[in-house]
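S.K.: Next comes final34.cif, mmCIF, N, CA and C atoms:
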```cif
data_query
#
loop_
_atom_site.label_atom_id
_atom_site.label_comp_id
_atom_site.auth_asym_id
_atom_site.auth_seq_id
_atom_site.Cartn_x
_atom_site.Cartn_y
_atom_site.Cartn_z
N MET P 1 -2.05 -3.45 25.55
CA MET P 1 -1.62 -4.37 24.50
C MET P 1 -0.47 -3.77 23.71
N SER P 2 0.42 -4.62 23.26
CA SER P 2 1.53 -4.17 22.42
C SER P 2 1.06 -3.99 20.97
N ILE P 3 1.89 -3.36 20.18
CA ILE P 3 1.58 -3.17 18.76
C ILE P 3 1.35 -4.52 18.08
N ASN P 4 2.26 -5.46 18.32
CA ASN P 4 2.14 -6.78 17.68
C ASN P 4 0.89 -7.52 18.13
N GLU P 5 0.53 -7.39 19.39
CA GLU P 5 -0.70 -8.04 19.89
C GLU P 5 -1.94 -7.42 19.24
N LEU P 6 -1.94 -6.10 19.10
CA LEU P 6 -3.06 -5.43 18.44
C LEU P 6 -3.18 -5.87 16.99
N ILE P 7 -2.05 -5.95 16.30
CA ILE P 7 -2.06 -6.39 14.90
C ILE P 7 -2.57 -7.82 14.79
N SER P 8 -2.08 -8.67 15.66
CA SER P 8 -2.49 -10.08 15.65
C SER P 8 -3.99 -10.21 15.89
N GLU P 9 -4.49 -9.47 16.85
CA GLU P 9 -5.92 -9.53 17.13
C GLU P 9 -6.73 -8.95 15.96
N ALA P 10 -6.23 -7.89 15.37
CA ALA P 10 -6.91 -7.30 14.20
C ALA P 10 -6.99 -8.31 13.07
N GLU P 11 -5.90 -9.04 12.84
CA GLU P 11 -5.89 -10.07 11.79
C GLU P 11 -6.96 -11.12 12.06
N THR P 12 -7.10 -11.49 13.32
CA THR P 12 -8.12 -12.48 13.70
C THR P 12 -9.52 -11.97 13.36
N PHE P 13 -9.80 -10.73 13.69
CA PHE P 13 -11.11 -10.16 13.38
C PHE P 13 -11.31 -9.98 11.88
N GLU P 14 -10.22 -9.69 11.19
CA GLU P 14 -10.30 -9.52 9.73
C GLU P 14 -10.75 -10.81 9.06
N VAL P 15 -10.16 -11.93 9.46
CA VAL P 15 -10.51 -13.21 8.83
C VAL P 15 -11.82 -13.79 9.37
N SER P 16 -12.26 -13.31 10.51
CA SER P 16 -13.52 -13.82 11.06
C SER P 16 -14.71 -12.92 10.69
N ASP P 17 -14.51 -12.14 9.65
CA ASP P 17 -15.59 -11.31 9.09
C ASP P 17 -16.11 -10.24 10.05
N ARG P 18 -15.20 -9.64 10.79
CA ARG P 18 -15.53 -8.51 11.65
C ARG P 18 -14.60 -7.35 11.31
N PRO P 19 -14.72 -6.83 10.08
CA PRO P 19 -13.76 -5.84 9.61
C PRO P 19 -13.77 -4.54 10.42
N ASP P 20 -14.93 -4.12 10.93
CA ASP P 20 -14.95 -2.87 11.68
C ASP P 20 -14.12 -2.96 12.95
N ARG P 21 -14.17 -4.12 13.61
CA ARG P 21 -13.34 -4.33 14.80
C ARG P 21 -11.86 -4.41 14.41
N ALA P 22 -11.57 -5.04 13.29
CA ALA P 22 -10.19 -5.11 12.81
C ALA P 22 -9.65 -3.71 12.53
N ILE P 23 -10.46 -2.88 11.90
CA ILE P 23 -10.04 -1.50 11.61
C ILE P 23 -9.74 -0.75 12.90
N GLU P 24 -10.60 -0.91 13.87
CA GLU P 24 -10.41 -0.26 15.17
C GLU P 24 -9.08 -0.69 15.81
N LEU P 25 -8.79 -1.97 15.78
CA LEU P 25 -7.55 -2.48 16.36
C LEU P 25 -6.31 -2.03 15.58
N TYR P 26 -6.42 -2.04 14.25
CA TYR P 26 -5.31 -1.55 13.44
C TYR P 26 -5.04 -0.07 13.75
N ARG P 27 -6.10 0.70 13.91
CA ARG P 27 -5.92 2.13 14.22
C ARG P 27 -5.27 2.32 15.59
N SER P 28 -5.60 1.48 16.55
CA SER P 28 -4.95 1.54 17.86
C SER P 28 -3.46 1.21 17.73
N ALA P 29 -3.15 0.17 16.96
CA ALA P 29 -1.76 -0.20 16.72
C ALA P 29 -1.02 0.91 16.00
N LEU P 30 -1.69 1.53 15.04
CA LEU P 30 -1.10 2.64 14.29
C LEU P 30 -0.76 3.80 15.21
N SER P 31 -1.66 4.13 16.09
CA SER P 31 -1.43 5.22 17.03
C SER P 31 -0.21 4.94 17.92
N LEU P 32 -0.11 3.72 18.41
CA LEU P 32 1.05 3.35 19.23
C LEU P 32 2.36 3.42 18.42
N ALA P 33 2.32 2.89 17.21
CA ALA P 33 3.53 2.89 16.37
C ALA P 33 3.96 4.32 16.03
N GLU P 34 3.00 5.19 15.76
CA GLU P 34 3.33 6.58 15.47
C GLU P 34 3.93 7.27 16.70
N SER P 35 3.39 6.96 17.87
CA SER P 35 3.89 7.61 19.09
C SER P 35 5.32 7.20 19.41
N THR P 36 5.72 6.01 18.98
CA THR P 36 7.09 5.54 19.21
C THR P 36 7.98 5.71 17.98
N ARG P 37 7.41 6.31 16.94
CA ARG P 37 8.15 6.60 15.70
C ARG P 37 8.74 5.36 15.04
N GLU P 38 7.99 4.29 15.09
CA GLU P 38 8.39 3.05 14.41
C GLU P 38 7.84 3.11 12.98
N TRP P 39 8.56 3.83 12.12
CA TRP P 39 8.02 4.20 10.81
C TRP P 39 7.77 3.01 9.90
N THR P 40 8.60 2.01 9.94
CA THR P 40 8.35 0.83 9.10
C THR P 40 7.08 0.13 9.56
N THR P 41 6.87 0.08 10.86
CA THR P 41 5.64 -0.52 11.40
C THR P 41 4.43 0.34 11.05
N VAL P 42 4.59 1.65 11.12
CA VAL P 42 3.51 2.57 10.72
C VAL P 42 3.13 2.31 9.27
N ALA P 43 4.14 2.15 8.41
CA ALA P 43 3.88 1.89 6.99
C ALA P 43 3.14 0.56 6.82
N ASP P 44 3.60 -0.47 7.52
CA ASP P 44 2.97 -1.79 7.43
C ASP P 44 1.50 -1.74 7.86
N ILE P 45 1.22 -1.08 8.96
CA ILE P 45 -0.16 -1.01 9.45
C ILE P 45 -1.02 -0.21 8.48
N ASN P 46 -0.48 0.87 7.93
CA ASN P 46 -1.24 1.63 6.93
C ASN P 46 -1.54 0.78 5.70
N GLU P 47 -0.59 -0.05 5.30
CA GLU P 47 -0.84 -0.95 4.16
C GLU P 47 -1.95 -1.95 4.49
N ARG P 48 -1.91 -2.48 5.70
CA ARG P 48 -2.95 -3.42 6.12
C ARG P 48 -4.33 -2.75 6.13
N LEU P 49 -4.37 -1.54 6.67
CA LEU P 49 -5.64 -0.81 6.69
C LEU P 49 -6.11 -0.52 5.26
N ALA P 50 -5.21 -0.09 4.42
CA ALA P 50 -5.57 0.22 3.04
C ALA P 50 -6.13 -1.01 2.33
N SER P 51 -5.49 -2.13 2.51
CA SER P 51 -5.94 -3.37 1.88
C SER P 51 -7.34 -3.76 2.36
N LEU P 52 -7.55 -3.68 3.66
CA LEU P 52 -8.87 -4.02 4.21
C LEU P 52 -9.93 -3.04 3.73
N LEU P 53 -9.63 -1.77 3.76
CA LEU P 53 -10.59 -0.75 3.30
C LEU P 53 -10.89 -0.92 1.82
N ARG P 54 -9.89 -1.27 1.06
CA ARG P 54 -10.07 -1.53 -0.37
C ARG P 54 -11.06 -2.68 -0.57
N GLU P 55 -10.87 -3.75 0.19
CA GLU P 55 -11.78 -4.90 0.10
C GLU P 55 -13.21 -4.52 0.46
N LEU P 56 -13.35 -3.56 1.35
CA LEU P 56 -14.68 -3.12 1.79
C LEU P 56 -15.29 -2.08 0.86
N GLY P 57 -14.54 -1.69 -0.17
CA GLY P 57 -15.04 -0.71 -1.13
C GLY P 57 -14.88 0.73 -0.67
N ARG P 58 -14.09 0.95 0.34
CA ARG P 58 -13.84 2.31 0.85
C ARG P 58 -12.55 2.82 0.21
N PHE P 59 -12.66 3.13 -1.08
CA PHE P 59 -11.48 3.39 -1.90
C PHE P 59 -10.73 4.66 -1.52
N ARG P 60 -11.44 5.74 -1.23
CA ARG P 60 -10.75 6.98 -0.87
C ARG P 60 -9.96 6.83 0.43
N LEU P 61 -10.57 6.16 1.41
CA LEU P 61 -9.85 5.91 2.66
C LEU P 61 -8.65 5.01 2.42
N ALA P 62 -8.82 4.02 1.56
CA ALA P 62 -7.72 3.12 1.23
C ALA P 62 -6.55 3.89 0.62
N ILE P 63 -6.84 4.73 -0.34
CA ILE P 63 -5.78 5.52 -0.98
C ILE P 63 -5.09 6.42 0.04
N GLY P 64 -5.85 6.99 0.96
CA GLY P 64 -5.25 7.81 2.02
C GLY P 64 -4.26 7.02 2.86
N HIS P 65 -4.61 5.78 3.19
CA HIS P 65 -3.69 4.95 3.97
C HIS P 65 -2.50 4.49 3.14
N TYR P 66 -2.69 4.26 1.85
CA TYR P 66 -1.54 3.95 1.00
C TYR P 66 -0.57 5.13 0.98
N HIS P 67 -1.10 6.35 0.87
CA HIS P 67 -0.23 7.53 0.88
C HIS P 67 0.48 7.67 2.23
N ALA P 68 -0.23 7.38 3.31
CA ALA P 68 0.39 7.43 4.64
C ALA P 68 1.51 6.39 4.75
N ALA P 69 1.33 5.23 4.13
CA ALA P 69 2.37 4.19 4.13
C ALA P 69 3.62 4.70 3.41
N ILE P 70 3.43 5.34 2.27
CA ILE P 70 4.58 5.89 1.53
C ILE P 70 5.30 6.92 2.38
N ALA P 71 4.55 7.80 3.02
CA ALA P 71 5.16 8.83 3.87
C ALA P 71 5.96 8.19 5.01
N ALA P 72 5.42 7.13 5.59
CA ALA P 72 6.12 6.45 6.69
C ALA P 72 7.40 5.76 6.18
N TYR P 73 7.33 5.13 5.01
CA TYR P 73 8.54 4.52 4.44
C TYR P 73 9.60 5.59 4.19
N GLU P 74 9.17 6.78 3.75
CA GLU P 74 10.12 7.86 3.50
C GLU P 74 10.74 8.35 4.81
N LYS P 75 9.97 8.35 5.89
CA LYS P 75 10.53 8.72 7.20
C LYS P 75 11.50 7.66 7.69
N ALA P 76 11.20 6.40 7.42
CA ALA P 76 12.07 5.31 7.86
C ALA P 76 13.40 5.32 7.12
N SER P 77 13.35 5.62 5.83
CA SER P 77 14.55 5.65 4.99
C SER P 77 14.48 6.86 4.07
N PRO P 78 14.81 8.05 4.60
CA PRO P 78 14.61 9.29 3.83
C PRO P 78 15.30 9.33 2.47
N ASN P 79 16.44 8.68 2.35
CA ASN P 79 17.20 8.76 1.10
C ASN P 79 17.09 7.50 0.26
N ALA P 80 16.23 6.59 0.66
CA ALA P 80 16.16 5.31 -0.04
C ALA P 80 14.74 5.05 -0.55
N LYS P 81 14.68 4.56 -1.74
CA LYS P 81 13.42 4.07 -2.29
C LYS P 81 13.47 2.56 -2.13
N THR P 82 12.45 2.00 -1.54
CA THR P 82 12.48 0.57 -1.23
C THR P 82 11.48 -0.21 -2.07
N ALA P 83 11.69 -1.52 -2.10
CA ALA P 83 10.77 -2.40 -2.81
C ALA P 83 9.37 -2.29 -2.19
N GLU P 84 9.31 -2.07 -0.88
CA GLU P 84 8.00 -1.90 -0.24
C GLU P 84 7.28 -0.67 -0.77
N MET P 85 8.02 0.41 -1.00
CA MET P 85 7.41 1.61 -1.58
C MET P 85 6.87 1.32 -2.97
N ALA P 86 7.64 0.56 -3.74
CA ALA P 86 7.18 0.18 -5.07
C ALA P 86 5.88 -0.61 -4.97
N GLY P 87 5.79 -1.48 -3.97
CA GLY P 87 4.58 -2.27 -3.77
C GLY P 87 3.37 -1.41 -3.45
N VAL P 88 3.57 -0.38 -2.64
CA VAL P 88 2.46 0.51 -2.29
C VAL P 88 2.04 1.32 -3.52
N LEU P 89 3.00 1.84 -4.25
CA LEU P 89 2.67 2.58 -5.48
C LEU P 89 1.94 1.69 -6.48
N PHE P 90 2.37 0.44 -6.57
CA PHE P 90 1.69 -0.53 -7.44
C PHE P 90 0.25 -0.74 -6.99
N ALA P 91 0.05 -0.86 -5.68
CA ALA P 91 -1.31 -1.06 -5.14
C ALA P 91 -2.21 0.12 -5.48
N ILE P 92 -1.69 1.34 -5.35
CA ILE P 92 -2.49 2.52 -5.69
C ILE P 92 -2.82 2.51 -7.18
N GLY P 93 -1.81 2.24 -8.01
CA GLY P 93 -2.04 2.20 -9.45
C GLY P 93 -3.08 1.16 -9.84
N THR P 94 -3.00 -0.01 -9.23
CA THR P 94 -3.96 -1.08 -9.51
C THR P 94 -5.37 -0.68 -9.08
N LEU P 95 -5.46 -0.07 -7.91
CA LEU P 95 -6.77 0.39 -7.43
C LEU P 95 -7.37 1.40 -8.40
N LEU P 96 -6.56 2.32 -8.88
CA LEU P 96 -7.06 3.33 -9.81
C LEU P 96 -7.47 2.70 -11.14
N ILE P 97 -6.72 1.72 -11.62
CA ILE P 97 -7.12 1.04 -12.86
C ILE P 97 -8.46 0.35 -12.66
N ASN P 98 -8.61 -0.32 -11.54
CA ASN P 98 -9.87 -1.01 -11.26
C ASN P 98 -11.04 -0.04 -11.14
N ARG P 99 -10.75 1.20 -10.79
CA ARG P 99 -11.78 2.24 -10.67
C ARG P 99 -11.92 3.02 -11.98
N LYS P 100 -11.28 2.53 -13.05
CA LYS P 100 -11.33 3.13 -14.39
C LYS P 100 -10.71 4.53 -14.42
N ARG P 101 -9.62 4.70 -13.67
CA ARG P 101 -8.89 5.96 -13.65
C ARG P 101 -7.45 5.71 -14.08
N GLU P 102 -7.32 5.22 -15.32
CA GLU P 102 -6.03 4.80 -15.84
C GLU P 102 -5.01 5.93 -15.88
N LYS P 103 -5.45 7.13 -16.24
CA LYS P 103 -4.53 8.27 -16.33
C LYS P 103 -3.85 8.50 -14.98
N GLY P 104 -4.62 8.51 -13.92
CA GLY P 104 -4.05 8.68 -12.59
C GLY P 104 -3.16 7.53 -12.20
N ALA P 105 -3.50 6.34 -12.65
CA ALA P 105 -2.74 5.14 -12.31
C ALA P 105 -1.34 5.18 -12.92
N GLU P 106 -1.23 5.73 -14.10
CA GLU P 106 0.07 5.71 -14.80
C GLU P 106 1.19 6.32 -13.99
N SER P 107 0.97 7.46 -13.38
CA SER P 107 2.06 8.12 -12.64
C SER P 107 2.53 7.27 -11.47
N TYR P 108 1.59 6.61 -10.77
CA TYR P 108 1.98 5.74 -9.66
C TYR P 108 2.75 4.53 -10.16
N LEU P 109 2.29 3.96 -11.26
CA LEU P 109 2.95 2.77 -11.81
C LEU P 109 4.33 3.09 -12.37
N ILE P 110 4.48 4.26 -12.96
CA ILE P 110 5.80 4.67 -13.46
C ILE P 110 6.78 4.82 -12.30
N LYS P 111 6.33 5.46 -11.21
CA LYS P 111 7.20 5.59 -10.03
C LYS P 111 7.53 4.22 -9.46
N ALA P 112 6.53 3.34 -9.39
CA ALA P 112 6.75 1.98 -8.88
C ALA P 112 7.77 1.25 -9.74
N LEU P 113 7.65 1.41 -11.04
CA LEU P 113 8.57 0.73 -11.96
C LEU P 113 10.00 1.25 -11.81
N GLU P 114 10.15 2.56 -11.67
CA GLU P 114 11.48 3.13 -11.48
C GLU P 114 12.14 2.56 -10.23
N ILE P 115 11.38 2.50 -9.14
CA ILE P 115 11.92 1.97 -7.88
C ILE P 115 12.22 0.48 -8.03
N ALA P 116 11.32 -0.25 -8.69
CA ALA P 116 11.53 -1.69 -8.87
C ALA P 116 12.79 -1.96 -9.68
N TYR P 117 13.03 -1.18 -10.74
CA TYR P 117 14.26 -1.35 -11.51
C TYR P 117 15.48 -1.14 -10.62
N ASP P 118 15.43 -0.11 -9.77
CA ASP P 118 16.57 0.21 -8.91
C ASP P 118 16.78 -0.82 -7.79
N THR P 119 15.67 -1.30 -7.22
CA THR P 119 15.80 -2.16 -6.03
C THR P 119 15.73 -3.65 -6.34
N LEU P 120 14.98 -4.04 -7.36
CA LEU P 120 14.78 -5.45 -7.64
C LEU P 120 15.48 -5.92 -8.92
N GLY P 121 15.63 -5.00 -9.85
CA GLY P 121 16.22 -5.35 -11.14
C GLY P 121 15.15 -5.58 -12.20
N ALA P 122 15.56 -5.45 -13.45
CA ALA P 122 14.63 -5.51 -14.57
C ALA P 122 14.00 -6.87 -14.77
N LYS P 123 14.67 -7.93 -14.35
CA LYS P 123 14.17 -9.28 -14.61
C LYS P 123 13.33 -9.86 -13.47
N HIS P 124 13.21 -9.15 -12.38
CA HIS P 124 12.47 -9.66 -11.22
C HIS P 124 10.98 -9.78 -11.55
N ALA P 125 10.34 -10.79 -11.01
CA ALA P 125 8.92 -11.05 -11.29
C ALA P 125 8.04 -9.86 -10.92
N HIS P 126 8.34 -9.18 -9.80
CA HIS P 126 7.53 -8.03 -9.40
C HIS P 126 7.70 -6.86 -10.37
N THR P 127 8.93 -6.70 -10.88
CA THR P 127 9.17 -5.65 -11.87
C THR P 127 8.34 -5.93 -13.12
N LYS P 128 8.34 -7.17 -13.56
CA LYS P 128 7.55 -7.55 -14.74
C LYS P 128 6.05 -7.32 -14.51
N LEU P 129 5.59 -7.63 -13.31
CA LEU P 129 4.19 -7.42 -12.96
C LEU P 129 3.81 -5.94 -13.06
N ILE P 130 4.68 -5.08 -12.56
CA ILE P 130 4.44 -3.63 -12.64
C ILE P 130 4.43 -3.18 -14.10
N GLU P 131 5.38 -3.69 -14.89
CA GLU P 131 5.41 -3.35 -16.32
C GLU P 131 4.10 -3.74 -17.00
N ASP P 132 3.62 -4.94 -16.71
CA ASP P 132 2.37 -5.41 -17.32
C ASP P 132 1.19 -4.52 -16.93
N LYS P 133 1.13 -4.14 -15.66
CA LYS P 133 0.03 -3.30 -15.20
C LYS P 133 0.12 -1.90 -15.83
N LEU P 134 1.33 -1.38 -15.98
CA LEU P 134 1.52 -0.09 -16.63
C LEU P 134 1.08 -0.17 -18.08
N ASN P 135 1.43 -1.23 -18.78
CA ASN P 135 0.98 -1.42 -20.16
C ASN P 135 -0.54 -1.48 -20.23
N GLN P 136 -1.14 -2.15 -19.27
CA GLN P 136 -2.61 -2.21 -19.23
C GLN P 136 -3.20 -0.81 -19.08
N ALA P 137 -2.64 -0.01 -18.20
CA ALA P 137 -3.14 1.35 -18.00
C ALA P 137 -2.97 2.19 -19.27
N GLN P 138 -1.81 2.06 -19.90
CA GLN P 138 -1.55 2.83 -21.10
C GLN P 138 -2.41 2.37 -22.27
N ASN P 139 -2.63 1.09 -22.40
CA ASN P 139 -3.48 0.59 -23.48
C ASN P 139 -4.94 0.92 -23.25
N SER P 140 -5.38 0.97 -22.03
CA SER P 140 -6.76 1.33 -21.72
C SER P 140 -7.04 2.78 -22.06
N ASP P 141 -5.98 3.62 -21.94
CA ASP P 141 -6.11 5.05 -22.27
C ASP P 141 -6.42 5.26 -23.74
N HIS P 142 -5.94 4.35 -24.56
CA HIS P 142 -6.03 4.55 -26.01
C HIS P 142 -7.21 3.82 -26.65
N THR P 143 -8.01 3.15 -25.84
CA THR P 143 -9.14 2.42 -26.42
C THR P 143 -10.44 3.13 -26.18
#
```
Let me see the file written as structure tokens.
M.R.:
Amino acid sequence: MSINELISEAETFEVSDRPDRAIELYRSALSLAESTREWTTVADINERLASLLRELGRFRLAIGHYHAAIAAYEKASPNAKTAEMAGVLFAIGTLLINRKREKGAESYLIKALEIAYDTLGAKHAHTKLIEDKLNQAQNSDHT
């Protein structure tokens, strides 16, 4: 099976309430993408795995895949910070806030905000969303 076929099949199992099979297929796709050094695809699959694991309550594994996604984006564009990277950093920050770890969340959200300002601009809806989440983390620290 190709990477895209594995991803497509994994998505089917994900929505049909068979997450363990979806994880298995995503990992197979990830292995293929890594072997061919398709770093943007590696990042995408890691994000998909992280999201699914997060939904299943496997937070440490999810964070590991989010970090792997960031590393893959950096390999794909070593000198560029992308909106996708900001999205991954935002996801980690949000996960940490939801786990009542606001202090840890702040550093991820600050990095996400810096990238969002550079790539999307200050007025973009995603930039505003990151700002709001960062304010939530900072306000939670003080209560």
S.K.: Enclose all atoms of region 100-118 of chain P listed in the file in an axis-aligned box, grow every side by 8 Å, and hand back centre and edge lengths in Å to one decimal, as JSON.
M.R.:
```
{"center_x": 2.7, "center_y": 3.4, "center_z": -12.1, "size_x": 44.1, "size_y": 26.6, "size_z": 24.5}
```
S.K.: Per residue of region 27-119 of chain P within 7 Å of region 126-142 of chain P, note the shortest atom pair and the distance in Å to one decimal, counting only N, CA and C atoms, and order the rows by chain and increasing residue number, as JSON lines.
M.R.:
```
{"residue": "P:Phe90", "atom": "CA", "partner": "P:Ile130", "partner_atom": "CA", "distance": 6.6}
{"residue": "P:Ile97", "atom": "CA", "partner": "P:Ala137", "partner_atom": "CA", "distance": 6.5}
{"residue": "P:Glu102", "atom": "CA", "partner": "P:Ala137", "partner_atom": "CA", "distance": 5.0}
{"residue": "P:Lys103", "atom": "N", "partner": "P:Ala137", "partner_atom": "C", "distance": 6.3}
{"residue": "P:Ala105", "atom": "C", "partner": "P:Ala137", "partner_atom": "CA", "distance": 6.6}
{"residue": "P:Glu106", "atom": "N", "partner": "P:Ala137", "partner_atom": "CA", "distance": 6.2}
{"residue": "P:Leu109", "atom": "CA", "partner": "P:Leu134", "partner_atom": "CA", "distance": 5.8}
{"residue": "P:Ile110", "atom": "N", "partner": "P:Leu134", "partner_atom": "CA", "distance": 6.4}
{"residue": "P:Ala112", "atom": "C", "partner": "P:Ile130", "partner_atom": "CA", "distance": 6.6}
{"residue": "P:Leu113", "atom": "CA", "partner": "P:Ile130", "partner_atom": "CA", "distance": 6.0}
{"residue": "P:Ala116", "atom": "CA", "partner": "P:Thr127", "partner_atom": "CA", "distance": 5.5}
{"residue": "P:Tyr117", "atom": "N", "partner": "P:Thr127", "partner_atom": "CA", "distance": 6.0}
```
S.K.: Please produce, as CSV, a per-residue contact table for region 49-136 of chain P versus region 15-33 of chain P (criterion: any atom at most 10 Å away, only C-alpha atoms considered), showing the nearest atom pair and its distance in Å to one decimal, sorted by chain then residue number.
M.R.:
```
residue,atom,partner,partner_atom,distance
P:Leu49,CA,P:Ile23,CA,6.6
P:Ala50,CA,P:Ile23,CA,9.8
P:Leu52,CA,P:Pro19,CA,7.5
P:Leu53,CA,P:Ile23,CA,8.4
P:Glu55,CA,P:Pro19,CA,9.8
P:Leu56,CA,P:Pro19,CA,8.3
```
S.K.: Would you mind listing, for every residue of region 73-121 of chain P within 6 Å of region 34-42 of chain P, the two atoms forming the shortest contact and the distance between them in Å to one decimal, using only N, CA and C atoms, sorted by chain and ascending residue number, as JSON lines?
M.R.:
```
{"residue": "P:Tyr73", "atom": "N", "partner": "P:Trp39", "partner_atom": "C", "distance": 5.3}
{"residue": "P:Lys75", "atom": "C", "partner": "P:Trp39", "partner_atom": "CA", "distance": 5.8}
{"residue": "P:Ala76", "atom": "CA", "partner": "P:Trp39", "partner_atom": "CA", "distance": 5.1}
```
S.K.: What is the CA of Ala68 (chain P)-CA of Thr119 (chain P) distance in Å, reported with one decimal?
M.R.: 21.1 Å
S.K.: Among region 15-101 of chain P, which ones does DSSP assign to alpha helix (DSSP H) (computed from the backbone)? Answer as a PyMOL selection string.
M.R.: chain P and resi 15+19-35+39-55+59-76+83-98
S.K.: Considering only C-alpha atoms, can you say which of P:Ala125, P:Ser8, P:Ala72, P:Arg48 comes closest to Ala91 (chain P)?
M.R.: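 Closest residue, counting only C-alpha atoms: P:Arg48.
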